[in-house]
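The structure file input36.cif is reproduced below (mmCIF, C-alpha atoms and all ligand atoms).
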data_query
loop_
_atom_site.group_PDB
_atom_site.id
_atom_site.type_symbol
_atom_site.label_atom_id
_atom_site.label_comp_id
_atom_site.auth_asym_id
_atom_site.auth_seq_id
_atom_site.Cartn_x
_atom_site.Cartn_y
_atom_site.Cartn_z
ATOM 1 C CA MET A 1123 26.423 127.993 136.963
ATOM 2 C CA VAL A 1124 24.996 126.574 140.195
ATOM 3 C CA ARG A 1125 21.331 127.295 140.876
ATOM 4 C CA ARG A 1126 19.919 127.320 144.394
ATOM 5 C CA VAL A 1127 16.717 125.364 144.402
ATOM 6 C CA GLY A 1128 16.477 124.851 148.148
ATOM 7 C CA TRP A 1129 14.330 125.918 151.013
ATOM 8 C CA THR A 1130 16.467 128.571 152.704
ATOM 9 C CA PRO A 1131 15.715 131.854 150.904
ATOM 10 C CA GLN A 1132 18.729 133.384 149.174
ATOM 11 C CA ASP A 1133 18.226 136.753 150.948
ATOM 12 C CA ASP A 1134 17.936 135.075 154.347
ATOM 13 C CA ALA A 1135 21.222 136.690 155.566
ATOM 14 C CA GLY A 1136 21.804 133.909 158.096
ATOM 15 C CA ALA A 1137 18.421 134.377 159.823
ATOM 16 C CA MET A 1138 17.744 130.646 159.604
ATOM 17 C CA ARG A 1139 20.818 129.952 161.765
ATOM 18 C CA ARG A 1140 19.435 132.173 164.510
ATOM 19 C CA THR A 1141 16.244 130.105 164.861
ATOM 20 C CA PRO A 1142 15.462 129.944 168.613
ATOM 21 C CA MET A 1143 15.488 126.509 170.228
ATOM 22 C CA GLU A 1144 11.826 126.956 171.243
ATOM 23 C CA THR A 1145 10.917 127.164 167.547
ATOM 24 C CA VAL A 1146 12.940 124.035 166.809
ATOM 25 C CA ILE A 1147 11.202 122.104 169.592
ATOM 26 C CA ALA A 1148 7.760 123.354 168.507
ATOM 27 C CA ARG A 1149 8.514 122.233 164.951
ATOM 28 C CA ALA A 1150 9.682 118.822 166.162
ATOM 29 C CA ASP A 1151 6.460 118.450 168.156
ATOM 30 C CA GLU A 1152 4.473 119.367 165.050
ATOM 31 C CA ILE A 1153 6.306 116.707 163.018
ATOM 32 C CA LEU A 1154 6.027 114.050 165.731
ATOM 33 C CA HIS A 1155 2.319 114.711 166.436
ATOM 34 C CA PRO A 1156 0.505 113.027 168.197
ATOM 35 C CA TYR A 1157 3.726 112.488 170.194
ATOM 36 C CA THR A 1158 5.725 115.285 171.811
ATOM 37 C CA LEU A 1159 9.292 115.815 172.971
ATOM 38 C CA GLU A 1160 10.031 116.652 176.578
ATOM 39 C CA VAL A 1161 13.248 118.668 176.359
ATOM 40 C CA ARG A 1162 14.885 118.993 179.776
ATOM 41 C CA ASP A 1163 18.439 119.997 178.983
ATOM 42 C CA ILE A 1164 20.238 121.062 175.790
ATOM 43 C CA ALA A 1165 23.975 120.488 176.055
ATOM 44 C CA TRP A 1166 24.775 121.580 172.488
ATOM 45 C CA SER A 1167 22.840 122.503 169.392
ATOM 46 C CA SER A 1168 23.278 123.774 165.869
ATOM 47 C CA ILE A 1169 20.981 124.693 163.010
ATOM 48 C CA TYR A 1170 21.481 122.776 159.780
ATOM 49 C CA GLU A 1171 20.630 124.962 156.822
ATOM 50 C CA VAL A 1172 19.062 122.886 154.056
ATOM 51 C CA GLY A 1173 20.325 123.808 150.631
ATOM 52 C CA HIS A 1174 19.350 122.196 147.338
ATOM 53 C CA ARG A 1175 21.730 123.267 144.614
ATOM 54 C CA LEU A 1176 22.066 122.063 141.063
ATOM 55 C CA THR A 1177 24.515 122.976 138.322
ATOM 56 C CA ASP A 1178 23.433 123.367 134.697
ATOM 57 C CA ARG A 1179 25.765 120.605 133.468
ATOM 58 C CA PHE A 1180 28.463 118.274 134.736
ATOM 59 C CA ASP A 1181 31.186 119.012 132.169
ATOM 60 C CA ASP A 1182 32.704 121.926 130.255
ATOM 61 C CA VAL A 1183 30.773 121.464 126.970
ATOM 62 C CA LEU A 1184 28.092 124.090 126.317
ATOM 63 C CA PRO A 1185 24.757 122.776 124.949
ATOM 64 C CA GLN A 1186 25.433 124.326 121.519
ATOM 65 C CA GLU A 1187 28.886 122.636 121.421
ATOM 66 C CA ARG A 1188 27.633 119.143 122.303
ATOM 67 C CA GLY A 1189 28.792 116.625 119.715
ATOM 68 C CA THR A 1190 31.415 118.969 118.256
ATOM 69 C CA ARG A 1191 34.110 118.282 120.867
ATOM 70 C CA VAL A 1192 34.665 115.926 123.766
ATOM 71 C CA PRO A 1193 34.481 117.232 127.320
ATOM 72 C CA ARG A 1194 37.811 117.770 129.082
ATOM 73 C CA MET A 1195 36.599 118.782 132.550
ATOM 74 C CA PHE A 1196 34.042 117.073 134.780
ATOM 75 C CA ILE A 1197 32.465 117.841 138.109
ATOM 76 C CA ILE A 1198 31.163 115.240 140.514
ATOM 77 C CA GLY A 1199 29.150 115.054 143.713
ATOM 78 C CA ASP A 1200 28.437 118.065 145.889
ATOM 79 C CA ALA A 1201 30.306 120.237 143.393
ATOM 80 C CA CYS A 1202 27.319 119.883 141.039
ATOM 81 C CA HIS A 1203 24.349 118.904 143.235
ATOM 82 C CA THR A 1204 23.431 119.092 146.902
ATOM 83 C CA HIS A 1205 20.323 117.694 148.517
ATOM 84 C CA SER A 1206 18.243 117.929 151.644
ATOM 85 C CA ALA A 1207 19.880 115.814 154.371
ATOM 86 C CA LYS A 1208 16.424 114.339 155.006
ATOM 87 C CA ALA A 1209 16.575 112.284 151.831
ATOM 88 C CA GLY A 1210 20.042 110.755 152.452
ATOM 89 C CA GLN A 1211 20.939 111.256 148.799
ATOM 90 C CA GLY A 1212 24.117 113.334 148.669
ATOM 91 C CA MET A 1213 26.786 110.698 149.212
ATOM 92 C CA ASN A 1214 24.769 108.018 147.456
ATOM 93 C CA VAL A 1215 24.342 110.067 144.283
ATOM 94 C CA SER A 1216 27.902 111.429 144.489
ATOM 95 C CA MET A 1217 29.358 107.919 144.559
ATOM 96 C CA GLN A 1218 27.271 106.980 141.535
ATOM 97 C CA ASP A 1219 28.649 110.056 139.747
ATOM 98 C CA GLY A 1220 32.142 108.865 140.631
ATOM 99 C CA VAL A 1221 31.605 105.293 139.432
ATOM 100 C CA ASN A 1222 29.946 106.512 136.249
ATOM 101 C CA ARG A 1223 32.809 108.965 135.599
ATOM 102 C CA ALA A 1224 35.530 106.435 136.453
ATOM 103 C CA TRP A 1225 34.459 103.553 134.211
ATOM 104 C CA LYS A 1226 33.830 105.822 131.224
ATOM 105 C CA LEU A 1227 37.185 107.539 131.593
ATOM 106 C CA GLY A 1228 38.865 104.151 132.083
ATOM 107 C CA HIS A 1229 37.289 102.717 128.927
ATOM 108 C CA VAL A 1230 38.299 105.738 126.826
ATOM 109 C CA LEU A 1231 41.869 105.921 128.189
ATOM 110 C CA SER A 1232 42.410 102.200 127.648
ATOM 111 C CA GLY A 1233 41.098 102.422 124.078
ATOM 112 C CA ARG A 1234 38.051 100.242 124.626
ATOM 113 C CA SER A 1235 35.555 103.033 123.839
ATOM 114 C CA PRO A 1236 35.546 106.108 121.590
ATOM 115 C CA ALA A 1237 36.044 109.488 123.291
ATOM 116 C CA ALA A 1238 32.386 110.294 122.503
ATOM 117 C CA LEU A 1239 31.458 108.065 125.461
ATOM 118 C CA LEU A 1240 32.588 110.945 127.714
ATOM 119 C CA ASP A 1241 29.632 112.992 126.439
ATOM 120 C CA THR A 1242 27.198 110.633 128.128
ATOM 121 C CA TYR A 1243 28.398 111.486 131.631
ATOM 122 C CA SER A 1244 26.746 114.908 131.852
HETATM 123 C C1 LIG B 1 24.860 116.768 158.051
HETATM 124 C C2 LIG B 1 24.956 115.976 156.768
HETATM 125 C C3 LIG B 1 24.334 114.754 156.689
HETATM 126 C C4 LIG B 1 24.417 113.988 155.520
HETATM 127 N N1 LIG B 1 23.793 112.775 155.460
HETATM 128 C C5 LIG B 1 23.852 112.036 154.334
HETATM 129 C C6 LIG B 1 23.236 110.752 154.280
HETATM 130 O O1 LIG B 1 22.620 110.266 155.231
HETATM 131 N N2 LIG B 1 23.321 110.057 153.114
HETATM 132 C C7 LIG B 1 23.987 110.549 152.031
HETATM 133 O O2 LIG B 1 24.020 109.863 151.005
HETATM 134 N N3 LIG B 1 24.587 111.749 152.081
HETATM 135 C C8 LIG B 1 24.554 112.507 153.194
HETATM 136 N N4 LIG B 1 25.181 113.744 153.248
HETATM 137 C C9 LIG B 1 25.828 114.282 152.031
HETATM 138 C C10 LIG B 1 27.236 113.734 151.796
HETATM 139 O O3 LIG B 1 28.035 113.913 152.945
HETATM 140 C C11 LIG B 1 27.833 114.486 150.608
HETATM 141 O O4 LIG B 1 26.924 114.492 149.540
HETATM 142 C C12 LIG B 1 29.120 113.831 150.130
HETATM 143 O O5 LIG B 1 30.076 113.838 151.166
HETATM 144 C C13 LIG B 1 29.662 114.591 148.926
HETATM 145 O O6 LIG B 1 30.898 114.036 148.569
HETATM 146 P P1 LIG B 1 31.869 114.854 147.674
HETATM 147 O O7 LIG B 1 33.081 113.964 147.510
HETATM 148 O O8 LIG B 1 31.182 115.351 146.460
HETATM 149 O O9 LIG B 1 32.239 116.158 148.522
HETATM 150 P P2 LIG B 1 33.029 116.273 149.978
HETATM 151 O O10 LIG B 1 32.752 115.033 150.755
HETATM 152 O O11 LIG B 1 32.619 117.583 150.472
HETATM 153 O O12 LIG B 1 34.538 116.235 149.481
HETATM 154 C C14 LIG B 1 35.164 117.352 148.939
HETATM 155 C C15 LIG B 1 36.581 117.355 149.471
HETATM 156 O O13 LIG B 1 37.341 118.332 148.772
HETATM 157 C C16 LIG B 1 38.163 119.008 149.694
HETATM 158 N N5 LIG B 1 38.485 120.312 149.118
HETATM 159 C C17 LIG B 1 37.725 121.420 149.030
HETATM 160 N N6 LIG B 1 38.370 122.403 148.422
HETATM 161 C C18 LIG B 1 39.582 121.911 148.098
HETATM 162 C C19 LIG B 1 40.715 122.452 147.425
HETATM 163 N N7 LIG B 1 40.736 123.702 146.956
HETATM 164 N N8 LIG B 1 41.787 121.662 147.254
HETATM 165 C C20 LIG B 1 41.793 120.387 147.698
HETATM 166 N N9 LIG B 1 40.742 119.806 148.331
HETATM 167 C C21 LIG B 1 39.661 120.570 148.528
HETATM 168 C C22 LIG B 1 37.335 119.081 150.954
HETATM 169 O O14 LIG B 1 38.174 119.286 152.093
HETATM 170 C C23 LIG B 1 36.683 117.700 150.966
HETATM 171 O O15 LIG B 1 37.468 116.724 151.618
HETATM 172 C C24 LIG B 1 25.131 114.502 154.409
HETATM 173 C C25 LIG B 1 25.763 115.746 154.506
HETATM 174 C C26 LIG B 1 25.681 116.476 155.670
HETATM 175 C C27 LIG B 1 26.395 117.815 155.744
#
Written form, structure tokens:
Amino acid sequence: MVRRVGWTPQDDAGAMRRTPMETVIARADEILHPYTLEVRDIAWSSIYEVGHRLTDRFDDVLPQERGTRVPRMFIIGDACHTHSAKAGQGMNVSMQDGVNRAWKLGHVLSGRSPAALLDTYS
């Protein structure tokens, strides 16, 4: 299950994407205070909807099953967590998921580690 933990309300019905440019500029001025933006011409614009989402776990083993069987399915990156673009985390954390997943799977498949190592990924 993926939980939304972000800033755009779930019942927003796309309202965020219809934010007028005047509101965007006013918000930018607020953030940049004591400086201001002088917007003369807008050639193109879009609204980026921030969404924090987090899954309950990163594999197919339920909490009550942990330790009784090894996981056989894994999810990585944006499939299990998304972040505010402001923090620059998404790709960084996703690549760490991938490296973590890859070396553990490699060690188990090549017989260097017991299958229980796969439990430590989630
Ligand atoms: C505007 C913006 C700015 C960002 N800035 C940053 C930043 O500064 N720093 C940072 O670390 N992160 C940033 N991110 C986040 C980062 O881009 C993502 O977290 C990262 O790309 C996630 O990688 P991923 O491989 O999990 O997913 P994706 O990169 O989304 O890869 C998933 C792939 O699966 C493919 N796919 C989907 N469905 C199927 C299917 N059924 N069959 C086959 N293929 C399929 C998709 O086409 C896609 O290529 C930003 C994201 C956005 C949108």
Note to self: Calculated over only C-alpha atoms and all ligand atoms, which of the candidates A:Leu1240, A:Val1183, A:Glu1171, A:Trp1225 has the smallest distance to ligand LIG 1 (chain B)?
What the structure shows: A:Glu1171
Note to self: Residues contacting ligand LIG 1 (chain B) - anything with an atom at most 9 Å away, using all atoms listed in the file - can you give me those as a PyMOL selection string?
What the structure shows: chain A and resi 1170+1197-1217+1219-1220
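Going from CA of Gly1233 in chain A to CA of Arg1194 in chain A covers 16.5 Å.
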Check: Which distance in Å separates CA of Val1221 in chain A and CA of Tyr1243 in chain A, to one decimal?
Finding: 10.5 Å
Take the PyMOL selection byres (((chain A and resi 1159-1168) around 9) and not hetatm), run it mentally on this structure, and tell me the resulting residues as a PDB file with C-alpha atoms, in the frame of the given file.
ATOM      1  CA  ARG A1139      20.818 129.952 161.765  1.00  0.00           C
ATOM      2  CA  MET A1143      15.488 126.509 170.228  1.00  0.00           C
ATOM      3  CA  ILE A1147      11.202 122.104 169.592  1.00  0.00           C
ATOM      4  CA  ALA A1148       7.760 123.354 168.507  1.00  0.00           C
ATOM      5  CA  ALA A1150       9.682 118.822 166.162  1.00  0.00           C
ATOM      6  CA  ASP A1151       6.460 118.450 168.156  1.00  0.00           C
ATOM      7  CA  LEU A1154       6.027 114.050 165.731  1.00  0.00           C
ATOM      8  CA  TYR A1157       3.726 112.488 170.194  1.00  0.00           C
ATOM      9  CA  THR A1158       5.725 115.285 171.811  1.00  0.00           C
ATOM     10  CA  ILE A1169      20.981 124.693 163.010  1.00  0.00           C
ATOM     11  CA  TYR A1170      21.481 122.776 159.780  1.00  0.00           C
TER      12      TYR A1170
END
Spell out the residues picked by the PyMOL selection byres (((chain A and resi 1241) around 9) and not hetatm) here, as a PDB file with C-alpha atoms, in the coordinates of the input.
ATOM      1  CA  ASP A1181      31.186 119.012 132.169  1.00  0.00           C
ATOM      2  CA  VAL A1183      30.773 121.464 126.970  1.00  0.00           C
ATOM      3  CA  ARG A1188      27.633 119.143 122.303  1.00  0.00           C
ATOM      4  CA  GLY A1189      28.792 116.625 119.715  1.00  0.00           C
ATOM      5  CA  ARG A1191      34.110 118.282 120.867  1.00  0.00           C
ATOM      6  CA  VAL A1192      34.665 115.926 123.766  1.00  0.00           C
ATOM      7  CA  PRO A1193      34.481 117.232 127.320  1.00  0.00           C
ATOM      8  CA  ALA A1237      36.044 109.488 123.291  1.00  0.00           C
ATOM      9  CA  ALA A1238      32.386 110.294 122.503  1.00  0.00           C
ATOM     10  CA  LEU A1239      31.458 108.065 125.461  1.00  0.00           C
ATOM     11  CA  LEU A1240      32.588 110.945 127.714  1.00  0.00           C
ATOM     12  CA  THR A1242      27.198 110.633 128.128  1.00  0.00           C
ATOM     13  CA  TYR A1243      28.398 111.486 131.631  1.00  0.00           C
ATOM     14  CA  SER A1244      26.746 114.908 131.852  1.00  0.00           C
TER      15      SER A1244
END
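Going from CA of Gly1136 in chain A over to CA of His1174 in chain A, you cover 16.1 Å.
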As JSON, please report the centre and edge lengths, rounded to one decimal in Å, of the axis-aligned box that holds all listed atoms of range 1186-1189 of chain A with 4 Å of padding on each of the six sides.
{"center_x": 27.2, "center_y": 120.5, "center_z": 121.0, "size_x": 11.5, "size_y": 15.7, "size_z": 10.6}
